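Step one of this worksheet: look at the structure below.
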Amino acid sequence: MSELKKMTAPPSTAKRIVEVPEMFQALIDARGTKGRFVGPDEVDSPWVPFGDNAAIKHLAFDVRNNIYSNILWMKGPSVIGTHKHRGTVVMMCLEGSARYLEYGWVATPGSFIYEVPGEAHTLVTDHPEGTKLFGWMQGANEFYDENGQFVMTADVWWFMDHYESYCKANNLPINPQLYI
Ligand SMILES: [Fe+2]
């Protein structure tokens, strides 16, 4: 029996491409898909206005799993109204700061946020320059007005429509890298 070794550091630091064995390479080539890359420029994915004080840079749409990813930019002190999640959210604060009225913490650059189905909350940034939040989201977001009345569900189709409508209106190409 061979002894199992615990990895305590990267097993190689060689700066070259290393061929590794793969039993199913032909299938992966024929049936697999490719990873994606979206650069930081407007041509890769534009900032699409979301109201007067916010914009969204769309990064990924997965129609099989109702997953969508983007950067939300709130451009100054502002509120994005109460929404309830029916899926999970992985979020990272990139710039500025953000919080939810419902919780006691404030996210600053490097902060990690995890949101779960059933949570309803109200997003606020008090930072003079607002915030940028990277998000990897799954499932539906239900948006409510200030009286708690349901307005609409935003899921992968709403986010895709938000991106594509803006591209069409501004004569921008649709970036196939966003469709995972
Ligand atoms: Fe949320």
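Identifiers in the structure tokens: chain A, B, ... in order shown; residue index from 1 per chain; ligand index from 1 in order shown.
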Neighbours of region 73-76 of chain A within 6 Å (only C-alpha atoms; same-chain residues fewer than 2 positions away dropped), as a list of chain:residue names? A:Asn53, A:Ala54, A:Ala55, A:Ser78, A:Pro128, A:Glu129, A:Gly130, A:Thr131, A:Lys132
Close residues, Ser45 (chain A) itself excluded, 10 Å, only C-alpha atoms, min 5 positions apart in chain, as a list in words: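 Those residues are Val38, Gly39, Pro40, Ile56, Lys57, His58, Leu59, Asn70, Tyr163, Cys167, Leu172, Pro173, Ile174, Asn175, Gln177 and Leu178 of chain A.
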Those residues you just picked out, can you put them in a file as a tab-separated table (two decimals), in the first residue's frame with C-alpha atoms?
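What ended up in out-v3.tsv:
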```tsv
chain	number	residue	atom	x	y	z
A	38	VAL	CA	-13.92	38.30	-19.65
A	39	GLY	CA	-11.47	41.20	-19.63
A	40	PRO	CA	-12.02	44.43	-17.73
A	56	ILE	CA	-24.00	46.25	-13.55
A	57	LYS	CA	-21.11	44.64	-15.43
A	58	HIS	CA	-22.37	41.20	-16.44
A	59	LEU	CA	-19.82	38.38	-16.33
A	70	ASN	CA	-21.66	40.30	-12.29
A	163	TYR	CA	-27.21	42.94	-20.81
A	167	CYS	CA	-25.97	45.99	-26.20
A	172	LEU	CA	-22.43	46.77	-29.03
A	173	PRO	CA	-21.53	43.17	-29.87
A	174	ILE	CA	-22.83	40.38	-27.60
A	175	ASN	CA	-19.81	38.72	-25.98
A	177	GLN	CA	-17.73	34.47	-23.37
A	178	LEU	CA	-20.52	35.46	-20.97
```
Residues at most 10 Å from Thr88 (chain A), counting only C-alpha atoms, excluding those fewer than 5 positions away in the same chain, as a VMD selection string? chain A and resid 67 114 to 119 136 to 141
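With only C-alpha atoms and all ligand atoms as the basis for measurement, A:Ile113 is the residue among A:Val48, A:Leu4, A:Ile113, A:Val106 that approaches ligand 1 most closely.
Nearest residue to ligand 1, choosing from A:Ser12, A:Thr82, A:Asn170, A:Gln149 and counting only C-alpha atoms and all ligand atoms: A:Thr82.
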Neighbours of ligand 1 within 8 Å, counting only C-alpha atoms and all ligand atoms, as a PyMOL selection string? chain A and resi 83-85+89+115+119-123+141
Identify, on the basis of only C-alpha atoms, every residue whose closest approach to Ala107 (chain A) does not exceed 6 Å; exclude the query and any residue fewer than 4 positions from it along the same chain; express the result as a list in words.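 Selected residues are Ser97, Ala98, Arg99 and Ser111 of chain A.
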